[in-house]
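**Student:** Right, I'll just put the structure down here and ask away after.
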Amino acid sequence: MAYIPSGGAPAAGAAPMGSQYCVCKVELSVSGQNLLDRDVTSKSDPFCVLFTESDGRWIEYDRTETAVNNLNPAFSKKFVLDYHFEEVQKLKFALFDQDKSSTQLEEHDFLGQFSCSLGTIVSSKKITRPLLLMNDKPAGKGLITIAAQELSDNQVITLSLAGRKLDKKDLFGKSDPFLEFYKPGDDGKWMLVHRTEVIKYTLDPVWKPFTVPLVSLCDGDMEKPIQVMCYDYDNDGGHDFIGEFQTSVSRMCEARDGVPVEFECINPKKQRKKKNYKNSGIIILRSCKINRDYSFLDYILGGCQLMFTVGIDFTASNGNPLDPSSLHYINPMGTNEYLSAIWAVGQIIQDYDSDKMFPALGFGAQLPPDWKVSHEFAINFNPTNPFCSGVDGIAQAYSACLPHIRFYGPTNFSPIVNHVARFAAQATQQQTATVLNSGCLLETLRIQPDWHVNCSAQCLAHTVLHPPHHHGRRHQ
């Protein structure tokens, strides 16, 4: 059966929002179960091809090895992709029975396919779905299982150091010691990794504990040599050399459980000149701890979900929704600025919420039947259940409520902020990570006309919408 990868592509995914990205490497493992048997005298010889969606077209990204004579393959070849939280990354997994040595897919029998977003996979960590034929009918009893794992080395090392009886370098004082840590570079030269603070007027300094990524300190190689240099600080930049020593992360890891590790600080020139030279002081490693610096994706793979609440501005400053100049005016294409913002954010967030039920609230409008102003009302007019089913549900509730309310004012969205804060407070009492709260990673949105989304990797504590040229404004 011929297969045309460019056919049937979905609509292009949402464009990245903001200049920062929550990016890391994700490894996808694929296996199949109960695949169609296309061979007459034996079983199928399946392989899997991954396609990524770009500008409305499916592009082949990579393919696995072929599992010979196997209807339940577990492919050893992994797919490694960059995961962008801010993007809807469409993926298609297509399985084929290899019949020839040709690399052209139309030369092989089609066994079925499955399409989803990368966010769907990482939010579930592992999914099993039925395979479909080109006509969207089931490919027999065929299933595909996809598992996600983050690849980035996000371990960090924390060191706590002190010195004892370091050499005196200042004529009218003691020394102002600091340390520098180096690792070997690819060019064979030492590369500076970290410099401690300067401790003034002492030969027995105690430096503040510091933390660096393990990959920065030793490229993840626990045995790689690390050069530590000790200097006496001078204001003119001509720092006086006190001494040095070499170690490794594996050696430094011996400093634990309250047992320090000591290193002699050696000045090679003094060592060559003085027969009775011992050292230029002692550097004491008080503790060495290696921990994992958990990433945003770690939380998602660990089961955290994002709670997505929409707050919409219905104040009179928006204009009459029947007037084409109003930001609430729904054009003949069935959209407006508010619906565009809801879709842009909601399509991304919904992958990280298992029930896809989102509270949608409004403020600044007069409501029937008494036409009192409300700054916290459910746009579906159900105060006991303001939840809408999916992003479609939010858009439908928003469109349906417009003819039944009167735009008024003032602009007061604090009741909605407090509404979401109450949900966040409840989430902090849970023993399992199910909802990211406003003090950590709760997604709370106030949608305003012609505002843009800043959803950077460094600000995932909140999805903040703020107007252009006013980047200091925050709403959470």
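As shown in the structure tokens, the chain order sets the letters A, B, ...; within each chain, residues go from 1, and ligands are also counted from 1 in the order they appear.
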Give me the residues within 10 Å of Lys200 (chain A) as number ranges by chain, counting only C-alpha atoms and dropping any in the same chain fewer than 3 places off.
**Tutor:** A: 173-178, 197, 203, 205, 232-233
**Student:** Kindly export the residues of the current selection with N, CA, C and O atoms, as a CSV table (one decimal), in the first residue's frame.
**Tutor:**
chain,number,residue,atom,x,y,z
A,173,GLY,N,49.6,43.2,56.3
A,173,GLY,CA,48.4,42.5,56.7
A,173,GLY,C,48.7,41.0,56.6
A,173,GLY,O,49.8,40.5,56.7
A,174,LYS,N,47.6,40.3,56.3
A,174,LYS,CA,47.7,38.9,56.1
A,174,LYS,C,47.5,38.6,54.6
A,174,LYS,O,48.3,39.0,53.8
A,175,SER,N,46.5,37.9,54.2
A,175,SER,CA,46.2,37.6,52.8
A,175,SER,C,44.7,37.8,52.6
A,175,SER,O,43.9,37.8,53.6
A,176,ASP,N,44.3,38.0,51.3
A,176,ASP,CA,42.9,38.1,51.0
A,176,ASP,C,42.6,37.0,50.0
A,176,ASP,O,42.5,37.2,48.8
A,177,PRO,N,42.5,35.7,50.5
A,177,PRO,CA,42.5,34.6,49.6
A,177,PRO,C,41.1,34.3,48.8
A,177,PRO,O,40.1,34.6,49.3
A,178,PHE,N,41.3,33.8,47.6
A,178,PHE,CA,40.1,33.3,46.9
A,178,PHE,C,40.6,32.1,46.1
A,178,PHE,O,41.8,31.9,45.9
A,197,GLU,N,34.4,33.9,46.2
A,197,GLU,CA,34.5,35.3,46.6
A,197,GLU,C,35.8,35.5,47.4
A,197,GLU,O,36.5,34.5,47.7
A,203,LEU,N,44.2,34.2,57.1
A,203,LEU,CA,45.0,33.1,56.6
A,203,LEU,C,44.2,31.8,56.8
A,203,LEU,O,44.6,30.7,56.4
A,205,PRO,N,40.6,31.3,55.8
A,205,PRO,CA,39.3,31.7,55.2
A,205,PRO,C,38.2,30.6,55.3
A,205,PRO,O,38.6,29.4,55.3
A,232,ASP,N,46.0,35.4,46.5
A,232,ASP,CA,45.8,36.5,47.3
A,232,ASP,C,45.4,37.7,46.5
A,232,ASP,O,46.1,38.1,45.6
A,233,TYR,N,44.2,38.2,46.7
A,233,TYR,CA,43.6,39.3,45.9
A,233,TYR,C,44.4,40.6,46.1
A,233,TYR,O,44.7,41.0,47.2
**Student:** If you run DSSP on the backbone, which residues of region 257-382 of chain A are strand (DSSP E or B), as number ranges by chain?
**Tutor:** A: 259, 261-264, 266, 282-292, 306, 308-313, 315, 357-363, 365-367, 372-374, 377-378
**Student:** May I have the residues within 9 Å of region 26-29 of chain A as a list in words, using only C-alpha atoms and disregarding those fewer than 2 positions away in the same chain?
**Tutor:**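 Residues near the query, excluding close chain neighbours: Cys24, Ser31, Ala74, Phe75, Ser76, Lys77, Lys78, Phe79, Val80, Leu81, Asp82, Tyr83, Ile121, Val122, Thr145, Ile146, Ala147, Ala148, Gln149, Glu150, Leu151 and Ser152 of chain A.
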**Student:** With N, CA and C atoms retained, export the selected residues as a PDB file, in the first residue's frame.
**Tutor:**
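Contents of selection.pdb, as written:
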ATOM      1  N   CYS A  24      14.761  21.277  26.231  1.00  0.00           N
ATOM      2  CA  CYS A  24      15.643  20.209  26.694  1.00  0.00           C
ATOM      3  C   CYS A  24      15.499  19.041  25.734  1.00  0.00           C
ATOM      4  N   SER A  31       7.562   1.043  20.787  1.00  0.00           N
ATOM      5  CA  SER A  31       7.335  -0.392  20.612  1.00  0.00           C
ATOM      6  C   SER A  31       5.958  -0.590  20.000  1.00  0.00           C
ATOM      7  N   ALA A  74      10.079  -4.158  19.878  1.00  0.00           N
ATOM      8  CA  ALA A  74      10.540  -3.102  20.788  1.00  0.00           C
ATOM      9  C   ALA A  74      11.815  -2.559  20.162  1.00  0.00           C
ATOM     10  N   PHE A  75      11.734  -1.377  19.586  1.00  0.00           N
ATOM     11  CA  PHE A  75      12.851  -0.835  18.817  1.00  0.00           C
ATOM     12  C   PHE A  75      13.934  -0.289  19.744  1.00  0.00           C
ATOM     13  N   SER A  76      15.177  -0.662  19.448  1.00  0.00           N
ATOM     14  CA  SER A  76      16.293  -0.179  20.270  1.00  0.00           C
ATOM     15  C   SER A  76      16.705   1.236  19.874  1.00  0.00           C
ATOM     16  N   LYS A  77      16.493   1.590  18.618  1.00  0.00           N
ATOM     17  CA  LYS A  77      16.815   2.953  18.168  1.00  0.00           C
ATOM     18  C   LYS A  77      15.813   3.925  18.790  1.00  0.00           C
ATOM     19  N   LYS A  78      16.330   4.980  19.411  1.00  0.00           N
ATOM     20  CA  LYS A  78      15.490   5.978  20.061  1.00  0.00           C
ATOM     21  C   LYS A  78      15.395   7.230  19.192  1.00  0.00           C
ATOM     22  N   PHE A  79      14.296   7.939  19.360  1.00  0.00           N
ATOM     23  CA  PHE A  79      14.137   9.244  18.722  1.00  0.00           C
ATOM     24  C   PHE A  79      14.483  10.325  19.752  1.00  0.00           C
ATOM     25  N   VAL A  80      15.416  11.198  19.418  1.00  0.00           N
ATOM     26  CA  VAL A  80      15.832  12.265  20.321  1.00  0.00           C
ATOM     27  C   VAL A  80      15.414  13.602  19.709  1.00  0.00           C
ATOM     28  N   LEU A  81      14.605  14.357  20.456  1.00  0.00           N
ATOM     29  CA  LEU A  81      14.095  15.633  19.965  1.00  0.00           C
ATOM     30  C   LEU A  81      14.323  16.733  20.984  1.00  0.00           C
ATOM     31  N   ASP A  82      14.337  17.974  20.517  1.00  0.00           N
ATOM     32  CA  ASP A  82      14.300  19.139  21.398  1.00  0.00           C
ATOM     33  C   ASP A  82      12.852  19.379  21.803  1.00  0.00           C
ATOM     34  N   TYR A  83      12.615  19.451  23.101  1.00  0.00           N
ATOM     35  CA  TYR A  83      11.269  19.690  23.620  1.00  0.00           C
ATOM     36  C   TYR A  83      11.122  21.172  23.938  1.00  0.00           C
ATOM     37  N   ILE A 121       2.764  13.323  24.928  1.00  0.00           N
ATOM     38  CA  ILE A 121       3.593  12.192  25.351  1.00  0.00           C
ATOM     39  C   ILE A 121       4.298  12.491  26.661  1.00  0.00           C
ATOM     40  N   VAL A 122       4.951  13.654  26.752  1.00  0.00           N
ATOM     41  CA  VAL A 122       5.735  13.934  27.961  1.00  0.00           C
ATOM     42  C   VAL A 122       4.834  14.153  29.174  1.00  0.00           C
ATOM     43  N   THR A 145       3.205   1.924  21.494  1.00  0.00           N
ATOM     44  CA  THR A 145       3.528   2.456  22.826  1.00  0.00           C
ATOM     45  C   THR A 145       4.738   3.366  22.694  1.00  0.00           C
ATOM     46  N   ILE A 146       4.614   4.566  23.252  1.00  0.00           N
ATOM     47  CA  ILE A 146       5.693   5.568  23.188  1.00  0.00           C
ATOM     48  C   ILE A 146       5.992   6.036  24.598  1.00  0.00           C
ATOM     49  N   ALA A 147       7.250   5.993  24.993  1.00  0.00           N
ATOM     50  CA  ALA A 147       7.678   6.425  26.325  1.00  0.00           C
ATOM     51  C   ALA A 147       8.686   7.566  26.178  1.00  0.00           C
ATOM     52  N   ALA A 148       8.578   8.543  27.062  1.00  0.00           N
ATOM     53  CA  ALA A 148       9.451   9.727  27.014  1.00  0.00           C
ATOM     54  C   ALA A 148      10.387   9.757  28.208  1.00  0.00           C
ATOM     55  N   GLN A 149      11.608  10.201  27.957  1.00  0.00           N
ATOM     56  CA  GLN A 149      12.593  10.364  29.029  1.00  0.00           C
ATOM     57  C   GLN A 149      13.459  11.562  28.711  1.00  0.00           C
ATOM     58  N   GLU A 150      13.697  12.395  29.729  1.00  0.00           N
ATOM     59  CA  GLU A 150      14.567  13.550  29.530  1.00  0.00           C
ATOM     60  C   GLU A 150      16.023  13.104  29.515  1.00  0.00           C
ATOM     61  N   LEU A 151      16.805  13.676  28.605  1.00  0.00           N
ATOM     62  CA  LEU A 151      18.200  13.265  28.456  1.00  0.00           C
ATOM     63  C   LEU A 151      19.194  14.202  29.120  1.00  0.00           C
ATOM     64  N   SER A 152      18.798  15.426  29.380  1.00  0.00           N
ATOM     65  CA  SER A 152      19.760  16.413  29.862  1.00  0.00           C
ATOM     66  C   SER A 152      20.350  16.005  31.206  1.00  0.00           C
TER      67      SER A 152
END
**Student:** For a test of reading the model, state the distance in Å between CA of Ser354 (chain A) and CA of Ser123 (chain A), rounded to one decimal.
**Tutor:**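 If I compute the distance from CA of Ser354 (chain A) to CA of Ser123 (chain A), I get 8.6 Å.
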**Student:** From a backbone DSSP assignment, name each residue in region 210-394 of chain A labelled alpha helix (DSSP H), as a PyMOL selection string.
**Tutor:** chain A and resi 214-218+249-252+268-273+296-301+337-349+390-394
**Student:** Between A:His108, A:Arg406, A:Lys169, A:Lys25, which has the minimum distance to Ser317 (chain A) (counting only C-alpha atoms)?
**Tutor:**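 Smallest distance to Ser317 (chain A) is found for A:Arg406.
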**Student:** So, counting only C-alpha atoms, which residue among A:Arg195, A:Lys189, A:Lys289, A:Lys168 is closest to Gly243 (chain A)?
**Tutor:** A:Lys168
**Student:** Show me, as an NGL selection string, the residues that have an atom within 7 Å of Asp204 (chain A) when counting only C-alpha atoms, minus same-chain residues fewer than 5 positions from it.
**Tutor:** :A and (163-166)
**Student:** Could you make a table, as JSON lines, of the residues of region 196-242 of chain A that have an atom within 12 Å of an atom of region 269-288 of chain A, each with its nearest atom pair and distance in Å to one decimal, counting only C-alpha atoms, in chain and number order?
**Tutor:**
{"residue": "A:Leu203", "atom": "CA", "partner": "A:Gly281", "partner_atom": "CA", "distance": 8.5}
{"residue": "A:Asp204", "atom": "CA", "partner": "A:Gly281", "partner_atom": "CA", "distance": 9.0}
{"residue": "A:Pro205", "atom": "CA", "partner": "A:Ile283", "partner_atom": "CA", "distance": 9.3}
{"residue": "A:Val206", "atom": "CA", "partner": "A:Ile284", "partner_atom": "CA", "distance": 9.2}
{"residue": "A:Trp207", "atom": "CA", "partner": "A:Leu285", "partner_atom": "CA", "distance": 10.3}
{"residue": "A:Lys208", "atom": "CA", "partner": "A:Arg286", "partner_atom": "CA", "distance": 11.1}
{"residue": "A:Pro209", "atom": "CA", "partner": "A:Ser287", "partner_atom": "CA", "distance": 8.9}
{"residue": "A:Phe210", "atom": "CA", "partner": "A:Cys288", "partner_atom": "CA", "distance": 10.1}
{"residue": "A:Thr211", "atom": "CA", "partner": "A:Cys288", "partner_atom": "CA", "distance": 9.9}
{"residue": "A:Val212", "atom": "CA", "partner": "A:Cys288", "partner_atom": "CA", "distance": 11.6}
{"residue": "A:Leu214", "atom": "CA", "partner": "A:Cys288", "partner_atom": "CA", "distance": 11.7}
{"residue": "A:Val228", "atom": "CA", "partner": "A:Ile283", "partner_atom": "CA", "distance": 9.6}
{"residue": "A:Met229", "atom": "CA", "partner": "A:Ile283", "partner_atom": "CA", "distance": 10.3}
{"residue": "A:Cys230", "atom": "CA", "partner": "A:Ile283", "partner_atom": "CA", "distance": 8.9}
{"residue": "A:Tyr231", "atom": "CA", "partner": "A:Ser280", "partner_atom": "CA", "distance": 11.0}
{"residue": "A:Asp232", "atom": "CA", "partner": "A:Ser280", "partner_atom": "CA", "distance": 11.9}
{"residue": "A:Phe241", "atom": "CA", "partner": "A:Ser280", "partner_atom": "CA", "distance": 10.1}
{"residue": "A:Ile242", "atom": "CA", "partner": "A:Ser280", "partner_atom": "CA", "distance": 6.5}
**Student:** Convert the current residue selection to file output with all heavy atoms, as a short mmCIF file (atom, residue, chain, number, x, y, z; two decimals), in the first residue's frame.
**Tutor:**
data_model
loop_
_atom_site.label_atom_id
_atom_site.label_comp_id
_atom_site.auth_asym_id
_atom_site.auth_seq_id
_atom_site.Cartn_x
_atom_site.Cartn_y
_atom_site.Cartn_z
N LEU A 203 44.23 34.23 57.07
CA LEU A 203 44.97 33.08 56.57
C LEU A 203 44.17 31.80 56.77
O LEU A 203 44.63 30.72 56.40
CB LEU A 203 46.32 32.97 57.29
CG LEU A 203 47.25 34.19 57.20
CD1 LEU A 203 48.57 33.92 57.94
CD2 LEU A 203 47.53 34.55 55.75
N ASP A 204 42.99 31.97 57.37
CA ASP A 204 42.10 30.82 57.63
C ASP A 204 40.70 31.14 57.09
O ASP A 204 39.74 31.25 57.86
CB ASP A 204 42.03 30.52 59.13
CG ASP A 204 43.41 30.25 59.73
OD1 ASP A 204 44.01 29.22 59.37
OD2 ASP A 204 43.88 31.08 60.53
N PRO A 205 40.58 31.27 55.78
CA PRO A 205 39.30 31.69 55.21
C PRO A 205 38.25 30.59 55.26
O PRO A 205 38.57 29.39 55.26
CB PRO A 205 39.66 32.01 53.76
CG PRO A 205 40.82 31.10 53.45
CD PRO A 205 41.60 31.02 54.74
N VAL A 206 36.99 31.02 55.26
CA VAL A 206 35.85 30.11 55.11
C VAL A 206 34.99 30.69 53.99
O VAL A 206 34.40 31.76 54.15
CB VAL A 206 35.03 29.97 56.41
CG1 VAL A 206 33.81 29.08 56.17
CG2 VAL A 206 35.89 29.41 57.54
N TRP A 207 34.98 30.01 52.86
CA TRP A 207 34.22 30.51 51.72
C TRP A 207 32.76 30.05 51.79
O TRP A 207 32.46 29.00 52.37
CB TRP A 207 34.85 30.03 50.41
CG TRP A 207 36.17 30.67 50.13
CD1 TRP A 207 36.39 31.92 49.64
CD2 TRP A 207 37.47 30.09 50.33
NE1 TRP A 207 37.75 32.17 49.51
CE2 TRP A 207 38.44 31.05 49.93
CE3 TRP A 207 37.92 28.85 50.80
CZ2 TRP A 207 39.81 30.81 49.99
CZ3 TRP A 207 39.29 28.61 50.87
CH2 TRP A 207 40.21 29.58 50.46
N LYS A 208 31.90 30.82 51.16
CA LYS A 208 30.50 30.45 51.11
C LYS A 208 30.34 29.20 50.23
O LYS A 208 31.02 29.07 49.21
CB LYS A 208 29.66 31.58 50.52
CG LYS A 208 29.60 32.83 51.37
CD LYS A 208 28.78 33.91 50.67
CE LYS A 208 28.74 35.20 51.49
NZ LYS A 208 27.97 36.27 50.77
N PRO A 209 29.46 28.30 50.61
CA PRO A 209 29.19 27.14 49.72
C PRO A 209 28.70 27.64 48.36
O PRO A 209 28.01 28.66 48.26
CB PRO A 209 28.09 26.38 50.45
CG PRO A 209 28.21 26.79 51.88
CD PRO A 209 28.67 28.22 51.85
N PHE A 210 29.08 26.95 47.31
CA PHE A 210 28.63 27.33 45.97
C PHE A 210 28.19 26.10 45.20
O PHE A 210 28.61 24.97 45.49
CB PHE A 210 29.72 28.09 45.21
CG PHE A 210 30.95 27.28 44.90
CD1 PHE A 210 31.04 26.56 43.71
CD2 PHE A 210 32.01 27.23 45.79
CE1 PHE A 210 32.18 25.81 43.42
CE2 PHE A 210 33.15 26.49 45.51
CZ PHE A 210 33.23 25.78 44.32
N THR A 211 27.33 26.32 44.23
CA THR A 211 26.77 25.24 43.43
C THR A 211 27.00 25.52 41.96
O THR A 211 26.76 26.63 41.48
CB THR A 211 25.26 25.11 43.70
OG1 THR A 211 25.04 24.82 45.08
CG2 THR A 211 24.66 23.99 42.85
N VAL A 212 27.49 24.51 41.23
CA VAL A 212 27.68 24.63 39.78
C VAL A 212 27.15 23.35 39.13
O VAL A 212 27.11 22.29 39.76
CB VAL A 212 29.17 24.82 39.41
CG1 VAL A 212 29.70 26.13 39.93
CG2 VAL A 212 30.01 23.66 39.91
N LEU A 214 27.19 19.97 37.30
CA LEU A 214 28.25 18.97 37.26
C LEU A 214 28.90 18.92 35.89
O LEU A 214 30.12 18.74 35.77
CB LEU A 214 27.67 17.60 37.63
CG LEU A 214 28.68 16.47 37.84
CD1 LEU A 214 29.61 16.78 39.01
CD2 LEU A 214 27.97 15.15 38.07
N VAL A 228 42.73 23.37 41.12
CA VAL A 228 42.27 24.41 42.05
C VAL A 228 43.44 25.31 42.37
O VAL A 228 44.49 24.85 42.83
CB VAL A 228 41.68 23.80 43.34
CG1 VAL A 228 41.14 24.90 44.24
CG2 VAL A 228 40.59 22.79 43.00
N MET A 229 43.27 26.60 42.10
CA MET A 229 44.32 27.59 42.33
C MET A 229 43.89 28.53 43.46
O MET A 229 42.74 28.95 43.50
CB MET A 229 44.56 28.41 41.06
CG MET A 229 44.67 27.59 39.78
SD MET A 229 46.25 26.77 39.60
CE MET A 229 47.29 28.15 39.14
N CYS A 230 44.82 28.85 44.35
CA CYS A 230 44.56 29.76 45.45
C CYS A 230 45.41 31.02 45.27
O CYS A 230 46.62 30.94 45.03
CB CYS A 230 44.88 29.10 46.79
SG CYS A 230 44.49 30.12 48.22
N TYR A 231 44.75 32.19 45.34
CA TYR A 231 45.43 33.48 45.14
C TYR A 231 45.14 34.43 46.30
O TYR A 231 44.11 34.31 46.99
CB TYR A 231 44.96 34.14 43.84
CG TYR A 231 45.38 33.45 42.58
CD1 TYR A 231 44.56 32.52 41.96
CD2 TYR A 231 46.61 33.74 41.99
CE1 TYR A 231 44.94 31.89 40.78
CE2 TYR A 231 47.00 33.11 40.81
CZ TYR A 231 46.16 32.20 40.21
OH TYR A 231 46.55 31.57 39.05
N ASP A 232 46.05 35.38 46.45
CA ASP A 232 45.84 36.52 47.34
C ASP A 232 45.40 37.70 46.47
O ASP A 232 46.12 38.11 45.56
CB ASP A 232 47.13 36.85 48.09
CG ASP A 232 47.06 38.21 48.79
OD1 ASP A 232 46.03 38.49 49.41
OD2 ASP A 232 48.05 38.98 48.67
N PHE A 241 50.07 34.52 43.70
CA PHE A 241 49.81 33.08 43.71
C PHE A 241 50.20 32.50 45.06
O PHE A 241 51.32 32.71 45.55
CB PHE A 241 50.62 32.42 42.59
CG PHE A 241 50.50 30.92 42.55
CD1 PHE A 241 49.29 30.30 42.26
CD2 PHE A 241 51.61 30.13 42.78
CE1 PHE A 241 49.20 28.91 42.22
CE2 PHE A 241 51.53 28.75 42.73
CZ PHE A 241 50.32 28.13 42.45
N ILE A 242 49.29 31.77 45.70
CA ILE A 242 49.58 31.12 46.97
C ILE A 242 49.94 29.65 46.74
O ILE A 242 50.97 29.17 47.21
CB ILE A 242 48.38 31.23 47.94
CG1 ILE A 242 48.15 32.70 48.33
CG2 ILE A 242 48.63 30.39 49.20
CD1 ILE A 242 46.95 32.93 49.23
#
**Student:** Measuring atom to atom with only C-alpha atoms, identify which of A:Leu105, A:Val345, A:Val23, A:Ala427 is nearest to Leu297 (chain A).
**Tutor:**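 With only C-alpha atoms as the atom set, the closest residue is A:Val23.
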